[in-house]
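Enquirer: Please find upload.txt (compact mmCIF, C-alpha atoms) on the next line:
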# COMPACT_ATOMS: atom_id res chain seq x y z
CA MET A 1 87.31 75.51 85.59
CA ASP A 2 86.98 75.75 81.83
CA PHE A 3 89.20 72.90 80.69
CA GLN A 4 88.83 74.00 77.06
CA GLN A 5 90.56 77.35 77.61
CA THR A 6 93.07 76.68 80.37
CA ARG A 7 96.64 76.50 79.18
CA ARG A 8 98.90 73.58 80.05
CA GLY A 9 102.29 72.15 79.27
CA ILE A 10 102.77 69.69 76.44
CA GLY A 11 104.00 66.86 78.67
CA SER A 12 100.62 65.13 78.77
CA VAL A 13 100.48 65.09 74.97
CA ARG A 14 103.85 63.33 74.91
CA ILE A 15 102.54 60.68 77.30
CA LEU A 16 99.45 60.06 75.18
CA CYS A 17 101.47 59.93 71.97
CA GLN A 18 103.72 57.27 73.48
CA LEU A 19 100.68 55.28 74.60
CA ALA A 20 99.27 55.48 71.08
CA ALA A 21 102.56 54.53 69.43
CA GLU A 22 102.74 51.36 71.50
CA ARG A 23 99.33 50.47 70.11
CA HIS A 24 100.43 51.16 66.53
CA VAL A 25 98.71 54.54 66.18
CA ASP A 26 101.03 57.01 64.48
CA THR A 27 101.62 60.50 65.84
CA ALA A 28 100.27 62.23 62.74
CA THR A 29 96.88 60.56 63.25
CA LEU A 30 96.83 61.58 66.89
CA LEU A 31 97.74 65.22 66.21
CA GLN A 32 95.27 65.70 63.37
CA GLY A 33 93.11 68.78 63.94
CA THR A 34 94.83 69.68 67.23
CA GLY A 35 97.03 72.48 65.93
CA ILE A 36 100.00 70.77 67.59
CA GLU A 37 103.04 70.09 65.42
CA ALA A 38 105.14 66.96 65.88
CA ALA A 39 108.29 69.09 66.31
CA GLN A 40 106.75 70.73 69.38
CA LEU A 41 106.61 67.45 71.28
CA ASN A 42 110.33 67.67 72.07
CA ARG A 43 110.16 71.23 73.43
CA ASN A 44 109.49 71.75 77.13
CA ASP A 45 108.64 75.43 76.67
CA VAL A 46 105.55 74.76 74.55
CA GLU A 47 102.13 75.38 76.05
CA ILE A 48 98.80 74.37 74.54
CA GLU A 49 95.15 74.96 75.34
CA GLY A 50 93.07 72.30 77.00
CA ALA A 51 90.89 72.13 73.89
CA GLN A 52 93.90 70.90 71.92
CA GLU A 53 94.53 68.01 74.30
CA ILE A 54 90.82 67.21 74.32
CA GLN A 55 90.86 66.92 70.51
CA LEU A 56 93.89 64.66 70.77
CA ILE A 57 91.99 62.41 73.19
CA ARG A 58 89.10 62.27 70.75
CA ASN A 59 91.55 61.16 68.08
CA LEU A 60 92.98 58.53 70.40
CA GLN A 61 89.52 57.16 71.17
CA ALA A 62 88.63 57.06 67.48
CA ALA A 63 91.84 55.23 66.64
CA LEU A 64 91.38 52.65 69.41
CA PRO A 65 87.58 52.25 69.69
CA ASN A 66 87.69 48.73 71.11
CA HIS A 67 90.47 49.22 73.62
CA SER A 68 89.05 48.57 77.10
CA GLY A 69 90.24 50.75 79.94
CA LEU A 70 92.13 53.17 77.71
CA GLY A 71 91.85 55.93 80.30
CA LEU A 72 93.25 53.67 83.03
CA ASP A 73 96.17 52.70 80.81
CA ALA A 74 96.89 56.37 80.24
CA GLY A 75 96.53 57.44 83.87
CA LEU A 76 99.00 54.86 85.15
CA ARG A 77 101.68 56.58 83.07
CA TYR A 78 101.37 59.87 84.97
CA HIS A 79 103.70 60.31 87.93
CA LEU A 80 104.40 63.34 90.09
CA SER A 81 107.55 63.94 88.06
CA SER A 82 105.35 64.20 84.94
CA TYR A 83 103.87 67.48 86.19
CA GLY A 84 107.09 69.40 86.75
CA ILE A 85 107.08 71.95 89.55
CA TRP A 86 103.43 71.23 90.47
CA GLY A 87 104.25 67.59 91.18
CA PHE A 88 107.37 68.48 93.13
CA ALA A 89 105.35 70.93 95.24
CA LEU A 90 102.98 68.12 96.21
CA LEU A 91 105.84 65.72 96.93
CA THR A 92 107.53 68.10 99.38
CA SER A 93 104.32 69.16 101.18
CA PRO A 94 104.23 68.56 104.94
CA THR A 95 100.93 66.61 105.04
CA VAL A 96 98.35 65.02 102.78
CA ARG A 97 96.02 67.90 103.57
CA ALA A 98 98.64 70.45 102.53
CA ALA A 99 99.38 68.51 99.34
CA THR A 100 95.66 68.32 98.55
CA GLU A 101 95.21 72.04 99.11
CA MET A 102 98.22 72.74 96.91
CA ALA A 103 96.86 70.46 94.19
CA GLU A 104 93.46 72.16 94.24
CA ARG A 105 94.85 75.67 94.35
CA PHE A 106 97.15 75.13 91.38
CA LEU A 107 95.14 72.52 89.49
CA GLU A 108 95.59 74.54 86.29
CA LEU A 109 99.27 73.56 86.38
CA SER A 110 98.37 69.87 86.12
CA TYR A 111 96.91 68.00 83.16
CA ALA A 112 93.60 67.22 84.87
CA LEU A 113 90.37 67.20 82.88
CA VAL A 114 88.17 66.79 85.95
CA GLY A 115 88.13 69.05 88.99
CA PHE A 116 89.54 67.85 92.31
CA ARG A 117 88.43 69.08 95.71
CA LEU A 118 88.55 67.81 99.28
CA GLU A 119 85.27 67.78 101.20
CA GLU A 120 84.95 67.16 104.94
CA ASP A 121 81.80 66.96 107.05
CA ALA A 122 80.16 64.76 109.67
CA ARG A 123 80.19 61.83 107.22
CA GLY A 124 83.97 61.93 106.87
CA ALA A 125 86.46 63.05 104.21
CA ARG A 126 86.40 62.47 100.48
CA MET A 127 88.03 63.59 97.29
CA VAL A 128 85.46 64.70 94.73
CA LEU A 129 86.26 64.34 91.04
CA ASP A 130 84.02 66.94 89.43
CA ASP A 131 83.31 66.14 85.77
CA SER A 132 80.62 68.80 85.32
CA ALA A 133 82.88 70.84 83.00
CA THR A 134 84.36 67.83 81.17
CA PRO A 135 83.12 67.27 77.59
CA ALA A 136 80.71 64.34 77.58
CA ASP A 137 82.39 62.44 74.77
CA ILE A 138 85.69 62.14 76.66
CA CYS A 139 84.22 61.96 80.17
CA ARG A 140 84.86 58.24 80.73
CA PHE A 141 88.45 58.57 79.53
CA ALA A 142 89.03 61.67 81.70
CA ILE A 143 87.61 60.10 84.87
CA GLU A 144 89.56 56.88 84.36
CA ARG A 145 92.80 58.69 83.53
CA ASP A 146 92.67 61.23 86.34
CA LEU A 147 91.55 58.62 88.90
CA ALA A 148 94.49 56.35 88.01
CA ALA A 149 96.87 59.32 88.03
CA TRP A 150 95.55 60.31 91.48
CA ALA A 151 96.18 56.79 92.76
CA ASN A 152 99.74 56.93 91.41
CA ALA A 153 100.31 60.31 93.07
CA THR A 154 99.11 59.14 96.49
CA ARG A 155 101.43 56.15 96.40
CA GLU A 156 104.36 58.42 95.58
CA LEU A 157 103.40 60.84 98.35
CA LYS A 158 102.94 58.12 100.97
CA PRO A 159 103.97 54.45 100.87
CA GLY A 160 100.82 52.40 100.31
CA GLY A 161 98.82 55.42 99.17
CA LEU A 162 95.74 56.61 101.04
CA ALA A 163 93.87 53.26 101.05
CA PRO A 164 90.40 54.58 100.11
CA GLN A 165 87.54 53.33 102.25
CA SER A 166 85.21 53.44 99.26
CA VAL A 167 85.08 54.75 95.71
CA ARG A 168 81.93 55.90 93.91
CA LEU A 169 81.88 56.66 90.20
CA ARG A 170 79.21 58.01 87.86
CA LEU A 171 80.40 55.63 85.15
CA PRO A 172 78.48 52.52 84.11
CA ARG A 173 80.14 49.33 85.35
CA PRO A 174 82.56 48.15 82.62
CA ALA A 175 83.65 44.61 81.79
CA TYR A 176 87.12 45.48 83.13
CA ALA A 177 85.80 46.65 86.53
CA GLU A 178 88.33 44.48 88.38
CA ARG A 179 91.09 46.77 87.17
CA PHE A 180 89.65 49.56 89.29
CA ARG A 181 90.01 47.38 92.39
CA THR A 182 93.68 46.81 91.54
CA ILE A 183 94.31 50.54 91.09
CA CYS A 184 92.18 51.90 93.94
CA GLY A 185 92.38 49.04 96.43
CA VAL A 186 88.59 48.69 96.56
CA MET A 187 85.90 47.88 94.02
CA PRO A 188 84.05 51.09 93.14
CA THR A 189 80.31 51.52 93.26
CA PHE A 190 79.37 52.35 89.68
CA GLN A 191 76.50 54.50 88.40
CA ALA A 192 76.73 56.65 91.51
CA THR A 193 75.47 60.23 91.68
CA ALA A 194 78.99 61.64 91.99
CA ASN A 195 82.64 60.65 91.64
CA GLU A 196 83.96 60.40 95.20
CA ILE A 197 86.92 58.75 96.90
CA GLU A 198 86.24 58.30 100.61
CA ILE A 199 89.39 58.43 102.74
CA ASP A 200 90.21 58.14 106.44
CA PRO A 201 90.22 61.72 107.85
CA THR A 202 93.01 60.81 110.29
CA THR A 203 95.43 60.37 107.39
CA LEU A 204 95.08 63.97 106.23
CA ASP A 205 97.35 65.53 108.84
CA ALA A 206 99.92 62.77 109.13
CA PRO A 207 103.43 63.93 108.09
CA LEU A 208 104.66 62.89 104.66
CA PRO A 209 108.04 61.16 104.38
CA GLN A 210 109.51 63.51 101.76
CA ALA A 211 108.29 66.76 103.35
CA ASN A 212 110.75 69.61 103.00
CA PRO A 213 109.49 73.04 104.12
CA ALA A 214 112.21 75.06 102.37
CA THR A 215 111.82 73.23 99.07
CA ALA A 216 108.02 73.34 99.35
CA ARG A 217 108.25 77.10 99.83
CA LEU A 218 110.34 77.50 96.68
CA CYS A 219 107.95 75.29 94.75
CA LEU A 220 104.99 77.36 95.93
CA ASP A 221 106.66 80.54 94.72
CA GLN A 222 107.34 79.00 91.31
CA CYS A 223 103.79 77.69 91.05
CA GLN A 224 102.46 81.16 91.79
CA GLN A 225 104.68 82.69 89.12
CA LEU A 226 103.79 80.08 86.52
CA LEU A 227 100.07 80.36 87.21
CA ALA A 228 100.26 84.15 87.04
CA GLN A 229 101.83 83.88 83.58
CA ARG A 230 98.97 81.70 82.36
CA GLN A 231 96.03 83.56 83.85
CA TYR A 232 94.37 86.47 82.14
CA ARG A 233 95.69 89.63 83.77
CA ASP A 234 93.37 91.93 81.87
CA GLY A 235 90.24 89.94 82.72
CA VAL A 236 87.89 90.01 85.68
CA ALA A 237 90.36 88.03 87.79
CA GLY A 238 92.94 90.78 87.35
CA ARG A 239 90.42 93.45 88.36
CA VAL A 240 89.44 91.43 91.44
CA ARG A 241 93.09 91.06 92.49
CA GLU A 242 93.63 94.81 92.14
CA GLN A 243 90.57 95.49 94.24
CA LEU A 244 91.54 92.98 96.91
CA PHE A 245 94.98 94.53 97.33
CA LEU A 246 93.19 97.77 98.25
CA MET A 247 90.96 96.15 100.87
CA THR A 248 93.37 96.05 103.80
CA GLY A 249 91.77 96.28 107.23
CA SER A 250 88.93 93.92 106.41
CA LEU A 251 88.74 90.35 105.18
CA PRO A 252 87.93 90.12 101.46
CA ASN A 253 84.21 90.06 100.89
CA LEU A 254 82.55 88.85 97.68
CA GLU A 255 79.64 91.26 97.93
CA ALA A 256 81.83 94.32 98.57
CA THR A 257 84.22 93.38 95.78
CA ALA A 258 81.37 92.85 93.32
CA ALA A 259 79.88 96.22 94.26
CA ALA A 260 83.25 97.96 93.77
CA LEU A 261 83.41 96.46 90.27
CA ASN A 262 79.77 97.37 89.51
CA LEU A 263 78.83 93.71 89.14
CA SER A 264 76.31 91.49 90.85
CA THR A 265 77.74 88.71 92.99
CA ARG A 266 76.20 86.14 90.63
CA THR A 267 77.82 87.76 87.58
CA LEU A 268 81.19 88.00 89.33
CA ARG A 269 81.09 84.32 90.31
CA ARG A 270 80.17 83.29 86.76
CA GLN A 271 82.86 85.40 85.09
CA LEU A 272 85.56 84.17 87.46
CA GLN A 273 84.48 80.58 86.80
CA GLN A 274 84.78 81.23 83.07
CA GLU A 275 88.37 82.38 83.67
CA GLY A 276 89.14 79.20 85.59
CA THR A 277 89.28 80.62 89.09
CA SER A 278 87.05 81.68 92.01
CA PHE A 279 86.75 84.52 94.48
CA ARG A 280 87.86 82.24 97.32
CA LEU A 281 91.07 81.28 95.55
CA LEU A 282 91.87 84.87 94.55
CA ALA A 283 91.23 86.17 98.06
CA SER A 284 93.44 83.46 99.55
CA GLU A 285 96.20 84.25 97.04
CA VAL A 286 96.12 87.97 97.80
CA LEU A 287 95.99 87.53 101.58
CA GLU A 288 98.93 85.15 101.49
CA SER A 289 100.93 87.50 99.26
CA LEU A 290 100.27 90.47 101.54
CA ALA A 291 101.04 88.46 104.68
CA GLU A 292 104.35 87.20 103.31
CA GLU A 293 105.36 90.69 102.20
CA MET A 294 104.64 92.15 105.64
CA LEU A 295 106.47 89.33 107.40
CA LEU A 296 109.59 89.62 105.25
CA THR A 297 109.84 93.37 104.64
CA THR A 298 108.58 94.92 107.90
CA ASP A 299 109.11 94.45 111.63
CA MET A 300 105.37 94.55 112.32
CA LYS A 301 104.18 92.27 115.10
CA LEU A 302 101.86 89.40 114.28
CA ASP A 303 98.85 91.08 115.89
CA GLU A 304 99.48 94.19 113.77
CA ILE A 305 99.70 92.14 110.57
CA ALA A 306 96.58 90.21 111.51
CA LEU A 307 94.69 93.48 112.08
CA ARG A 308 95.96 94.96 108.81
CA LEU A 309 94.68 91.91 106.92
CA GLY A 310 91.28 92.02 108.61
CA TYR A 311 91.62 89.25 111.20
CA SER A 312 90.08 90.08 114.56
CA GLU A 313 92.51 87.82 116.43
CA PRO A 314 96.12 86.79 115.77
CA ALA A 315 95.15 83.15 116.29
CA ALA A 316 92.85 83.24 113.26
CA PHE A 317 95.62 84.73 111.13
CA ILE A 318 98.15 82.14 112.34
CA HIS A 319 95.72 79.34 111.50
CA ALA A 320 95.11 80.74 108.02
CA PHE A 321 98.81 81.29 107.33
CA LYS A 322 99.68 77.75 108.37
CA GLY A 323 97.01 76.50 105.97
CA TRP A 324 98.63 78.45 103.11
CA THR A 325 102.27 77.58 103.75
CA GLY A 326 102.41 74.71 106.24
CA GLN A 327 104.30 76.99 108.63
CA LYS A 328 103.42 79.43 111.40
CA PRO A 329 104.13 83.10 110.56
CA GLY A 330 106.96 83.35 113.08
CA GLN A 331 108.66 80.27 111.67
CA PHE A 332 108.26 81.60 108.13
CA ARG A 333 109.77 84.98 109.10
CA ARG A 334 112.77 83.36 110.82
CA GLU A 335 113.45 80.97 107.94
CA TYR A 336 113.05 83.35 105.02
CA GLY A 337 113.44 86.81 106.50
CA GLY A 338 116.63 86.33 108.43
CA GLY A 339 114.89 87.50 111.61
Let's see the structure in the file written out as structure tokens.

Expert:
Amino acid sequence: MDFQQTRRGIGSVRILCQLAAERHVDTATLLQGTGIEAAQLNRNDVEIEGAQEIQLIRNLQAALPNHSGLGLDAGLRYHLSSYGIWGFALLTSPTVRAATEMAERFLELSYALVGFRLEEDARGARMVLDDSATPADICRFAIERDLAAWANATRELKPGGLAPQSVRLRLPRPAYAERFRTICGVMPTFQATANEIEIDPTTLDAPLPQANPATARLCLDQCQQLLAQRQYRDGVAGRVREQLFLMTGSLPNLEATAAALNLSTRTLRRQLQQEGTSFRLLASEVLESLAEEMLLTTDMKLDEIALRLGYSEPAAFIHAFKGWTGQKPGQFRREYGGG
């Protein structure tokens, strides 16, 4: 994701301005060179580019050069309610896994400056905080802030949070390292090769206390609409979506899509990354959209829908659909289609 170009709400700027004000840094100093006007801070309809928030963070760091753990202080101010519909979608998700998938899929709707993804293999499960696209001069702040915000979010999703088994960070060990133990529950290993939060895999599919399928469904719809408004519709992502909607009868294929657009697979991957998305996410979005439309507007049987979408067996389609929505197709059709 290109954090410089992605659009975001102005809520994060308000949080950082309040943090600065409490440390006697005036708003005018913080907004200098950002292109953000003070009057915009009170308007919820204002959107800014990531580059504007990044400049504001640079101003904050310059104004408070000796403030230890500034990113941690900032991150602890972010709660799920701070993110609007994105946060509410996470809160009403059925499981930690579903919330994590929702967070990753719609990360552009958050204020993150590092990427988040869940990885699972024989070694276990871990959240990876990818700072490869984060500007180097704000990297420490971004990792600290988004790590603390993640810890806040997990505690609001589930009492006690996720109790990480270990935390590894690429940052040098700071003098205030003990604060990380307080926030994460464990002392991180610093100067690691990657930023990783190791969690117990058995917690991923445990039900969340505030799960609400109907509300989660509404939140998902609103997240899709909001993201669609922010993404470039005349870019490569828009062309890929159009092509994918034509590819019924076979599962979306990167190579075939690239060929249809007269691009190499490498070029297509790179251009989608520059637009803040990926082929996998676009394919998942289109398949879900088509599946929901067929379930709600036709009386097609599940095996017919599965075949139309390219799945060789209904079971594979059911598994995929449950991953998208947290519900089985039949349950979704009964609840939202009146069938």

Enquirer: Could you check how far atom CA of Arg230 of chain A sits from atom CA of Ile10 of chain A, in Å to one decimal?

Expert: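 Rounded to one decimal, the two atoms are 13.9 Å apart.
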
Enquirer: Quick one: residues within 10 Å of Glu104 of chain A, only C-alpha atoms counted, chain neighbours fewer than 5 positions away excluded, as a list of chain:residue names?

Expert: A:Ala98, A:Ala99, A:Leu109, A:Ser110, A:Gly115, A:Phe116, A:Arg117, A:Leu118, A:Leu281

Enquirer: Skipping near chain neighbours, those fewer than 3 positions away, what residues fall within 8 Å of segment 147-160 of chain A using all atoms listed in the file, listed as a PyMOL selection string?

Expert: chain A and resi 72+75-80+90-91+96+143-144+163+183-184+208-210

Enquirer: Measuring atom to atom with all atoms listed in the file, identify which of A:Arg239, A:Arg97, A:Arg266, A:Arg333 is nearest to Met294 of chain A.

Expert: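 The answer is A:Arg333, which sits nearest to Met294 of chain A.
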
Enquirer: For a quick check of understanding, using all atoms listed in the file, which of A:Asp2, A:Pro94, A:Leu169, A:Asp131 has the smallest distance to Trp324 of chain A?

Expert: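 Ranked by minimum distance to Trp324 of chain A, first place goes to A:Pro94.
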
Enquirer: Do a neighbour search on Ala306 of chain A at 12 Å with only C-alpha atoms, toss out local chain neighbours closer than 5 positions, and write the hits as a list of chain:residue names.

Expert: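 Within the cut-off, the hits are A:Thr248, A:Gly249, A:Ser250, A:Leu251, A:Leu287, A:Glu288, A:Leu290, A:Ala291, A:Glu292, A:Met294, A:Leu295, A:Met300, A:Lys301, A:Tyr311, A:Ser312, A:Glu313, A:Pro314, A:Ala315, A:Ala316, A:Phe317, A:Ile318, A:His319, A:Ala320, A:Phe321, A:Pro329.
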
Enquirer: Smallest atom-to-atom distance to Val46 of chain A: which of A:Gln61, A:Ser12, A:Asn66, A:Gln271, using all atoms listed in the file?

Expert: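 When distances to Val46 of chain A are compared using all atoms listed in the file, the smallest one comes from A:Ser12.
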
Enquirer: Reconstruct N, CA and C atoms of segment 82-114 of chain A; output as a short mmCIF file (atom, residue, chain, number, x, y, z; two decimals), keeping the file's coordinate frame.

Expert:
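File produced: part.cif:
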data_model
loop_
_atom_site.label_atom_id
_atom_site.label_comp_id
_atom_site.auth_asym_id
_atom_site.auth_seq_id
_atom_site.Cartn_x
_atom_site.Cartn_y
_atom_site.Cartn_z
N SER A 82 105.91 63.83 86.25
CA SER A 82 105.35 64.20 84.94
C SER A 82 104.84 65.63 84.92
N TYR A 83 104.53 66.17 86.10
CA TYR A 83 103.87 67.48 86.19
C TYR A 83 104.84 68.63 86.43
N GLY A 84 106.13 68.34 86.52
CA GLY A 84 107.09 69.40 86.75
C GLY A 84 106.98 69.97 88.15
N ILE A 85 107.02 71.29 88.25
CA ILE A 85 107.08 71.95 89.55
C ILE A 85 105.83 71.68 90.38
N TRP A 86 104.68 71.52 89.74
CA TRP A 86 103.43 71.23 90.47
C TRP A 86 103.56 69.90 91.21
N GLY A 87 104.07 68.88 90.55
CA GLY A 87 104.25 67.59 91.18
C GLY A 87 105.26 67.63 92.30
N PHE A 88 106.34 68.38 92.11
CA PHE A 88 107.37 68.48 93.13
C PHE A 88 106.84 69.23 94.35
N ALA A 89 105.96 70.20 94.12
CA ALA A 89 105.35 70.93 95.24
C ALA A 89 104.52 69.99 96.09
N LEU A 90 103.77 69.09 95.46
CA LEU A 90 102.98 68.12 96.21
C LEU A 90 103.89 67.18 96.98
N LEU A 91 104.95 66.72 96.34
CA LEU A 91 105.84 65.72 96.93
C LEU A 91 106.53 66.24 98.19
N THR A 92 106.81 67.53 98.25
CA THR A 92 107.53 68.10 99.38
C THR A 92 106.61 68.74 100.41
N SER A 93 105.29 68.59 100.24
CA SER A 93 104.32 69.16 101.18
C SER A 93 104.42 68.45 102.53
N PRO A 94 104.07 69.16 103.61
CA PRO A 94 104.23 68.56 104.94
C PRO A 94 103.21 67.47 105.26
N THR A 95 101.99 67.58 104.74
CA THR A 95 100.93 66.61 105.04
C THR A 95 100.10 66.34 103.80
N VAL A 96 99.28 65.30 103.87
CA VAL A 96 98.35 65.02 102.78
C VAL A 96 97.40 66.18 102.59
N ARG A 97 96.94 66.76 103.68
CA ARG A 97 96.02 67.90 103.57
C ARG A 97 96.69 69.07 102.83
N ALA A 98 97.93 69.36 103.18
CA ALA A 98 98.64 70.45 102.53
C ALA A 98 98.86 70.15 101.05
N ALA A 99 99.19 68.90 100.74
CA ALA A 99 99.38 68.51 99.34
C ALA A 99 98.07 68.64 98.56
N THR A 100 96.96 68.24 99.20
CA THR A 100 95.66 68.32 98.55
C THR A 100 95.27 69.77 98.29
N GLU A 101 95.52 70.63 99.27
CA GLU A 101 95.21 72.04 99.11
C GLU A 101 96.07 72.66 98.01
N MET A 102 97.34 72.26 97.96
CA MET A 102 98.22 72.74 96.91
C MET A 102 97.73 72.28 95.53
N ALA A 103 97.34 71.01 95.46
CA ALA A 103 96.86 70.46 94.19
C ALA A 103 95.63 71.21 93.71
N GLU A 104 94.70 71.46 94.62
CA GLU A 104 93.46 72.16 94.24
C GLU A 104 93.73 73.60 93.85
N ARG A 105 94.59 74.25 94.59
CA ARG A 105 94.85 75.67 94.35
C ARG A 105 95.51 75.89 92.99
N PHE A 106 96.40 74.97 92.62
CA PHE A 106 97.15 75.13 91.38
C PHE A 106 96.80 74.04 90.36
N LEU A 107 95.55 73.62 90.37
CA LEU A 107 95.14 72.52 89.49
C LEU A 107 95.38 72.86 88.02
N GLU A 108 95.35 74.13 87.67
CA GLU A 108 95.59 74.54 86.29
C GLU A 108 97.00 74.17 85.81
N LEU A 109 97.90 73.92 86.74
CA LEU A 109 99.27 73.56 86.38
C LEU A 109 99.41 72.07 86.14
N SER A 110 98.35 71.31 86.37
CA SER A 110 98.37 69.87 86.12
C SER A 110 97.81 69.62 84.72
N TYR A 111 97.52 68.36 84.44
CA TYR A 111 96.91 68.00 83.16
C TYR A 111 95.48 67.49 83.37
N ALA A 112 94.91 67.77 84.52
CA ALA A 112 93.60 67.22 84.87
C ALA A 112 92.52 67.72 83.91
N LEU A 113 91.56 66.84 83.66
CA LEU A 113 90.37 67.20 82.88
C LEU A 113 89.11 67.03 83.70
N VAL A 114 89.27 66.73 84.99
CA VAL A 114 88.17 66.79 85.95
C VAL A 114 88.67 67.62 87.13
#
